[in-house]
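These notes concern the structure reproduced below.
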Amino acid sequence: MIHTGRVKLDTGGRFAVVNITDQVREFVSKSGINEGVINIFYQHTTGGVIIGEHEAGIIADLQDMFEELIPSKKEYKHHVRDVDFNGHAHVRSALLTISVTVPILDSKLTLGTYQEVLVIDMQTERAPRYVVLQVQGV
Amino acid sequence: MIHTGRVKLDTGGRFAVVNITDQVREFVSKSGINEGVINIFYQHTTGGVIIGEHEAGIIADLQDMFEELIPSKKEYKHHVRDVDFNGHAHVRSALLTISVTVPILDSKLTLGTYQEVLVIDMQTERAPRYVVLQVQGV
Amino acid sequence: MIHTGRVKLDTGGRFAVVNITDQVREFVSKSGINEGVINIFYQHTTGGVIIGEHEAGIIADLQDMFEELIPSKKEYKHHVRDVDFNGHAHVRSALLTISVTVPILDSKLTLGTYQEVLVIDMQTERAPRYVVLQVQGV
């Protein structure tokens, strides 16, 4: 059994971290899948989707780390075209994951106690963001 | 055909790198799968599972890199709650992968010559660690 | 339906970024799959496969970032064996992804507007590189 859907997010951008675990759980539940996987795929190049703990301190630490190692204010070669100025977001995105695959057992995501599905959007301005969800199994 | 299982590890924590390739191979072999994928999913937020070469020098280089860029001794905002002091592990985890999907062909993992499945556990104290394994295919 | 194949690349190594989106699309098209996933798996430990924008400035920014944070010229512990001198590539590889899973719907990859499938090969010398492609679905 395969079922594909898509979630639209209004994250606000800049360094937005959105917890989509509930939406993912609802999708799995509605699909009626018992055992298999869900693939969660982020459709943009200036962020990613990760599995992590959704705690304010950790999110701030993550942003601090990126700001220190891959600063948002810097002259990136991507900016030379004079089209957009989000070079930091593209480079950081390469270090995150664009898709995560989570096994499903007994109709539930096999997430650990502190694991949440988090979308990180580092686009410099607000824009609609899309995540594809697809379950495959029985 | 779908088969789901779980491996329990006693890594010791801190910066433990455990090669679970043999356990993954055994799981694939016992499942009887011929063609498909295995998804290897780490159930914690202070580490990850990667595919890499299991060579002592590389592991030490990886630890050195993390220690230099995302030090274990630092005042992370995650620590303000006074609950735990593993901020570095959460931040580093966001740069690793939580799950890896490896194709299976002719009943074998399609790993390259030097590729091994490695669990990285950076939890500050020893605790049981779990990895979900799931094959799907024919 | 499952179909597995492999692509051979001559990237040139060092810091080669190869856009394999057309090859992935062709594989999906030939497989006849309508809905499901494709798993794109890189069989080496000195690079990875990511989803990103294929723009010259971004590629240069990515290389600059790696050169600054994980320099190619440095005495890595991996070099002590006197076998090879690609420690930087192994460490960087741990921060990239070795496999990406992209959902397929209506016989098409669900890639966002700017998303391309990019192989990054940081091996120090030229060598054949292999990517496994596998579709699974209906």
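Residue names in the structure tokens use chain letters A, B, ... in the order shown, residue numbers from 1 in each chain, and ligand numbers from 1 in the order shown.
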
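Those residues in range 23-85 of chain C carrying a DSSP assignment of strand (DSSP E), computed from the backbone, are C:Gly36, C:Val37, C:Ile38, C:Asn39, C:Ile40, C:Phe41, C:Tyr42, C:Gly47, C:Gly48, C:Val49, C:Ile50, C:Ile51, C:Gly52.
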
Excluding range 11-19 of chain B and its own-chain neighbours fewer than 4 positions away, which residues fall within 10 Å of it when counting only C-alpha atoms? Please give them as a tab-separated table (two decimals) with N, CA and C atoms, in the first residue's frame.
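Saved as around-v8.tsv:
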chain	number	residue	atom	x	y	z
B	23	GLN	N	25.47	-7.12	12.32
B	23	GLN	CA	24.09	-7.30	12.79
B	23	GLN	C	23.08	-6.97	11.69
B	24	VAL	N	23.39	-5.94	10.90
B	24	VAL	CA	22.50	-5.57	9.79
B	24	VAL	C	22.49	-6.68	8.74
B	46	THR	N	20.99	12.21	20.34
B	46	THR	CA	22.35	12.63	20.70
B	46	THR	C	23.40	11.84	19.92
B	47	GLY	N	23.04	11.47	18.70
B	47	GLY	CA	23.97	10.72	17.86
B	47	GLY	C	23.35	10.49	16.52
B	48	GLY	N	23.73	9.39	15.89
B	48	GLY	CA	23.17	9.08	14.58
B	48	GLY	C	23.71	7.77	14.06
B	49	VAL	N	23.31	7.45	12.85
B	49	VAL	CA	23.85	6.27	12.19
B	49	VAL	C	24.33	6.71	10.82
B	50	ILE	N	25.57	6.41	10.51
B	50	ILE	CA	26.15	6.83	9.23
B	50	ILE	C	26.75	5.63	8.50
B	51	ILE	N	27.07	5.85	7.25
B	51	ILE	CA	27.82	4.86	6.48
B	51	ILE	C	29.21	5.44	6.28
B	52	GLY	N	30.23	4.73	6.73
B	52	GLY	CA	31.58	5.24	6.59
B	52	GLY	C	32.60	4.13	6.75
B	53	GLU	N	33.87	4.50	6.61
B	53	GLU	CA	34.93	3.52	6.80
B	53	GLU	C	35.22	3.40	8.28
B	54	HIS	N	35.35	2.17	8.75
B	54	HIS	CA	35.60	1.95	10.18
B	54	HIS	C	37.10	1.78	10.42
B	56	ALA	N	40.37	3.40	12.70
B	56	ALA	CA	40.61	4.12	13.95
B	56	ALA	C	41.01	5.59	13.73
B	59	ILE	N	37.93	7.70	12.78
B	59	ILE	CA	37.07	7.92	13.94
B	59	ILE	C	37.66	9.02	14.83
B	60	ALA	N	38.97	8.97	15.04
B	60	ALA	CA	39.64	9.99	15.85
B	60	ALA	C	39.56	11.36	15.17
B	62	LEU	N	37.20	12.36	13.18
B	62	LEU	CA	35.81	12.80	13.28
B	62	LEU	C	35.57	13.43	14.66
B	63	GLN	N	36.08	12.76	15.67
B	63	GLN	CA	35.93	13.29	17.03
B	63	GLN	C	36.67	14.62	17.19
B	72	SER	N	32.53	19.88	23.31
B	72	SER	CA	31.70	19.24	24.33
B	72	SER	C	31.67	20.07	25.62
B	86	ASN	N	24.19	17.87	27.62
B	86	ASN	CA	24.64	17.22	26.38
B	86	ASN	C	24.32	18.07	25.14
B	89	ALA	N	25.99	17.27	21.92
B	89	ALA	CA	25.54	16.03	21.26
B	89	ALA	C	24.29	16.28	20.42
B	116	GLU	N	30.81	0.75	5.94
B	116	GLU	CA	30.29	0.02	7.10
B	116	GLU	C	29.15	0.86	7.70
B	117	VAL	N	28.24	0.20	8.39
B	117	VAL	CA	27.15	0.90	9.08
B	117	VAL	C	27.61	1.21	10.50
B	118	LEU	N	27.74	2.50	10.80
B	118	LEU	CA	28.32	2.92	12.08
B	118	LEU	C	27.32	3.73	12.91
B	119	VAL	N	27.13	3.31	14.15
B	119	VAL	CA	26.32	4.09	15.09
B	119	VAL	C	27.26	4.99	15.88
B	120	ILE	N	26.90	6.28	15.95
B	120	ILE	CA	27.68	7.23	16.74
B	120	ILE	C	26.83	7.67	17.92
B	121	ASP	N	27.30	7.36	19.12
B	121	ASP	CA	26.55	7.72	20.33
B	121	ASP	C	27.36	8.74	21.13
B	122	MET	N	26.83	9.95	21.24
B	122	MET	CA	27.55	11.01	21.95
B	122	MET	C	26.86	11.39	23.25
B	123	GLN	N	25.94	10.54	23.70
B	123	GLN	CA	25.29	10.79	24.99
B	123	GLN	C	26.40	10.87	26.06
B	124	THR	N	26.21	11.76	27.03
B	124	THR	CA	27.28	12.00	28.01
B	124	THR	C	27.45	10.85	29.01
B	125	GLU	N	26.41	10.08	29.22
B	125	GLU	CA	26.61	8.92	30.09
B	125	GLU	C	26.10	7.65	29.41
B	126	ARG	N	26.54	6.53	29.93
B	126	ARG	CA	26.18	5.22	29.39
B	126	ARG	C	24.67	4.97	29.53
B	127	ALA	N	24.05	4.53	28.45
B	127	ALA	CA	22.61	4.22	28.47
B	127	ALA	C	22.34	3.27	27.32
B	128	PRO	N	21.33	2.42	27.43
B	128	PRO	CA	21.03	1.52	26.32
B	128	PRO	C	20.61	2.31	25.08
B	129	ARG	N	21.10	1.92	23.93
B	129	ARG	CA	20.79	2.61	22.67
B	129	ARG	C	20.10	1.62	21.73

May I have the residues of chain B within 10 Å of chain A, counting only C-alpha atoms, written as a CSV table (one decimal) with C-alpha atoms, in the first residue's frame?
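What follows is the written file out33.csv:
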chain,number,residue,atom,x,y,z
B,1,MET,CA,7.7,-8.5,2.2
B,2,ILE,CA,8.3,-6.4,5.3
B,3,HIS,CA,10.1,-7.4,8.4
B,4,THR,CA,10.9,-5.1,11.3
B,5,GLY,CA,13.3,-5.6,14.3
B,39,ASN,CA,16.1,1.2,6.7
B,40,ILE,CA,18.4,1.6,9.7
B,41,PHE,CA,16.9,4.1,12.2
B,42,TYR,CA,18.6,5.4,15.3
B,43,GLN,CA,16.1,6.1,18.1
B,44,HIS,CA,18.0,8.9,19.9
B,45,THR,CA,18.7,12.6,19.6
B,46,THR,CA,22.3,12.6,20.7
B,47,GLY,CA,24.0,10.7,17.9
B,48,GLY,CA,23.2,9.1,14.6
B,69,LEU,CA,33.8,23.0,15.8
B,70,ILE,CA,31.2,22.0,18.3
B,75,GLU,CA,27.8,26.6,27.9
B,76,TYR,CA,25.0,25.5,25.7
B,77,LYS,CA,21.5,27.1,26.1
B,78,HIS,CA,20.2,23.6,26.4
B,79,HIS,CA,21.9,23.4,29.8
B,80,VAL,CA,20.0,26.3,31.3
B,81,ARG,CA,17.2,24.0,32.3
B,86,ASN,CA,24.6,17.2,26.4
B,87,GLY,CA,24.0,20.3,24.2
B,88,HIS,CA,27.0,19.5,22.0
B,89,ALA,CA,25.5,16.0,21.3
B,90,HIS,CA,22.2,17.4,20.2
B,91,VAL,CA,23.8,20.0,17.9
B,92,ARG,CA,26.2,17.5,16.3
B,93,SER,CA,23.4,15.0,15.8
B,94,ALA,CA,21.6,17.5,13.6
B,95,LEU,CA,24.6,17.3,11.2
B,96,LEU,CA,24.6,13.5,11.1
B,97,THR,CA,21.9,11.2,9.7
B,98,ILE,CA,19.4,9.6,12.0
B,99,SER,CA,18.4,7.0,9.4
B,100,VAL,CA,20.1,5.4,6.4
B,101,THR,CA,18.5,3.4,3.7
B,129,ARG,CA,20.8,2.6,22.7
B,130,TYR,CA,18.3,1.2,20.1
B,131,VAL,CA,18.4,0.9,16.4
B,132,VAL,CA,15.3,-0.1,14.4
B,133,LEU,CA,15.9,-2.3,11.3
B,134,GLN,CA,13.3,-2.8,8.7
B,135,VAL,CA,13.5,-4.6,5.3
B,136,GLN,CA,11.0,-4.1,2.6
B,137,GLY,CA,11.1,-5.8,-0.8

TODO: Can you work out the spacing between CA of Val7 in chain A and CA of Ile20 in chain A in Å, to one decimal?
DONE: 9.2 Å

Can you list, as a compact mmCIF listing (two decimals) with all heavy atoms, in the first residue's frame, all residues belonging to range 34-130 of chain B that DSSP tags as alpha helix (DSSP H)?
# COMPACT_ATOMS: atom_id res chain seq x y z
N ALA B 56 40.37 3.40 12.70
CA ALA B 56 40.61 4.12 13.95
C ALA B 56 41.01 5.59 13.73
O ALA B 56 40.55 6.49 14.45
CB ALA B 56 41.68 3.40 14.76
N GLY B 57 41.85 5.83 12.71
CA GLY B 57 42.27 7.20 12.43
C GLY B 57 41.10 8.09 12.04
O GLY B 57 40.97 9.22 12.53
N ILE B 58 40.23 7.58 11.19
CA ILE B 58 39.08 8.36 10.74
C ILE B 58 38.15 8.68 11.92
O ILE B 58 37.65 9.81 12.04
CB ILE B 58 38.29 7.60 9.64
CG1 ILE B 58 39.13 7.49 8.37
CG2 ILE B 58 36.95 8.31 9.33
CD1 ILE B 58 38.52 6.60 7.28
N ILE B 59 37.93 7.70 12.78
CA ILE B 59 37.07 7.92 13.94
C ILE B 59 37.66 9.02 14.83
O ILE B 59 36.95 9.92 15.29
CB ILE B 59 36.90 6.62 14.78
CG1 ILE B 59 36.41 5.45 13.90
CG2 ILE B 59 35.97 6.85 15.97
CD1 ILE B 59 35.13 5.70 13.17
N ALA B 60 38.97 8.97 15.04
CA ALA B 60 39.64 9.99 15.85
C ALA B 60 39.56 11.36 15.17
O ALA B 60 39.33 12.39 15.83
CB ALA B 60 41.09 9.59 16.09
N ASP B 61 39.69 11.38 13.84
CA ASP B 61 39.60 12.64 13.09
C ASP B 61 38.19 13.24 13.20
O ASP B 61 38.03 14.46 13.31
CB ASP B 61 39.92 12.41 11.60
CG ASP B 61 41.40 12.12 11.36
OD1 ASP B 61 42.24 12.63 12.14
OD2 ASP B 61 41.70 11.37 10.42
N LEU B 62 37.20 12.36 13.18
CA LEU B 62 35.81 12.80 13.28
C LEU B 62 35.57 13.43 14.66
O LEU B 62 34.95 14.50 14.77
CB LEU B 62 34.89 11.59 13.06
CG LEU B 62 33.41 11.82 12.84
CD1 LEU B 62 33.15 12.73 11.66
CD2 LEU B 62 32.69 10.47 12.61
N GLN B 63 36.08 12.76 15.67
CA GLN B 63 35.93 13.29 17.03
C GLN B 63 36.67 14.62 17.19
O GLN B 63 36.15 15.57 17.77
CB GLN B 63 36.46 12.27 18.05
CG GLN B 63 36.18 12.69 19.49
CD GLN B 63 36.46 11.58 20.50
OE1 GLN B 63 37.03 10.55 20.16
NE2 GLN B 63 36.04 11.80 21.74
N ASP B 64 37.88 14.69 16.65
CA ASP B 64 38.65 15.95 16.69
C ASP B 64 37.90 17.09 16.01
O ASP B 64 37.85 18.21 16.52
CB ASP B 64 40.00 15.78 15.98
CG ASP B 64 40.98 14.92 16.78
OD1 ASP B 64 40.68 14.60 17.95
OD2 ASP B 64 42.03 14.54 16.22
N MET B 65 37.32 16.79 14.85
CA MET B 65 36.58 17.81 14.11
C MET B 65 35.42 18.33 14.94
O MET B 65 35.23 19.54 15.10
CB MET B 65 36.09 17.23 12.78
CG MET B 65 35.23 18.16 11.93
SD MET B 65 33.46 18.18 12.38
CE MET B 65 32.92 16.56 11.78
N PHE B 66 34.63 17.41 15.51
CA PHE B 66 33.49 17.82 16.32
C PHE B 66 33.96 18.61 17.55
O PHE B 66 33.36 19.62 17.92
CB PHE B 66 32.66 16.61 16.75
CG PHE B 66 31.61 16.20 15.74
CD1 PHE B 66 31.46 14.87 15.37
CD2 PHE B 66 30.75 17.13 15.18
CE1 PHE B 66 30.48 14.49 14.45
CE2 PHE B 66 29.77 16.76 14.26
CZ PHE B 66 29.64 15.43 13.90
N GLU B 67 35.02 18.15 18.17
CA GLU B 67 35.52 18.82 19.38
C GLU B 67 35.96 20.24 19.06
O GLU B 67 35.75 21.17 19.86
CB GLU B 67 36.68 18.00 19.97
CG GLU B 67 36.90 18.20 21.45
CD GLU B 67 35.64 17.98 22.29
OE1 GLU B 67 35.02 16.90 22.17
OE2 GLU B 67 35.26 18.91 23.03
N GLU B 68 36.53 20.42 17.88
CA GLU B 68 37.01 21.75 17.47
C GLU B 68 35.83 22.67 17.10
O GLU B 68 35.79 23.83 17.51
CB GLU B 68 37.95 21.61 16.28
CG GLU B 68 38.63 22.93 15.90
CD GLU B 68 39.33 22.84 14.55
OE1 GLU B 68 39.87 21.75 14.21
OE2 GLU B 68 39.31 23.86 13.81
N LEU B 69 34.90 22.14 16.32
CA LEU B 69 33.83 23.00 15.79
C LEU B 69 32.62 23.11 16.73
O LEU B 69 31.97 24.15 16.79
CB LEU B 69 33.37 22.48 14.42
CG LEU B 69 34.44 22.41 13.31
CD1 LEU B 69 33.83 21.89 12.02
CD2 LEU B 69 35.09 23.78 13.09
N GLY B 87 24.32 19.39 25.31
CA GLY B 87 23.99 20.29 24.20
C GLY B 87 24.82 20.02 22.96
O GLY B 87 24.29 20.03 21.84
N HIS B 88 26.12 19.77 23.15
CA HIS B 88 26.99 19.50 22.00
C HIS B 88 26.47 18.29 21.20
O HIS B 88 26.53 18.29 19.98
CB HIS B 88 28.42 19.26 22.46
CG HIS B 88 28.60 17.98 23.23
ND1 HIS B 88 28.12 17.83 24.52
CD2 HIS B 88 29.16 16.79 22.91
CE1 HIS B 88 28.40 16.60 24.95
NE2 HIS B 88 29.02 15.95 23.99
N ALA B 89 25.99 17.27 21.92
CA ALA B 89 25.54 16.03 21.26
C ALA B 89 24.29 16.28 20.42
O ALA B 89 24.16 15.75 19.31
CB ALA B 89 25.30 14.94 22.29
N HIS B 90 23.38 17.09 20.92
CA HIS B 90 22.18 17.41 20.16
C HIS B 90 22.52 18.21 18.90
O HIS B 90 21.99 17.94 17.82
CB HIS B 90 21.19 18.23 21.01
CG HIS B 90 20.52 17.45 22.09
ND1 HIS B 90 19.61 16.46 21.84
CD2 HIS B 90 20.64 17.49 23.44
CE1 HIS B 90 19.18 15.94 22.99
NE2 HIS B 90 19.79 16.55 23.97
N VAL B 91 23.39 19.19 19.04
CA VAL B 91 23.75 20.02 17.89
C VAL B 91 24.50 19.19 16.84
O VAL B 91 24.20 19.26 15.64
CB VAL B 91 24.60 21.23 18.33
CG1 VAL B 91 25.11 22.01 17.12
CG2 VAL B 91 23.77 22.15 19.23
N ARG B 92 25.46 18.39 17.29
CA ARG B 92 26.20 17.54 16.34
C ARG B 92 25.26 16.56 15.63
O ARG B 92 25.43 16.28 14.44
CB ARG B 92 27.27 16.74 17.09
CG ARG B 92 28.38 17.59 17.69
CD ARG B 92 29.27 16.70 18.55
NE ARG B 92 30.34 17.43 19.21
CZ ARG B 92 31.29 16.84 19.94
NH1 ARG B 92 31.29 15.53 20.10
NH2 ARG B 92 32.24 17.56 20.51
N SER B 93 24.31 16.03 16.38
CA SER B 93 23.38 15.04 15.84
C SER B 93 22.62 15.59 14.63
O SER B 93 22.33 14.86 13.68
CB SER B 93 22.40 14.61 16.93
OG SER B 93 21.45 13.70 16.44
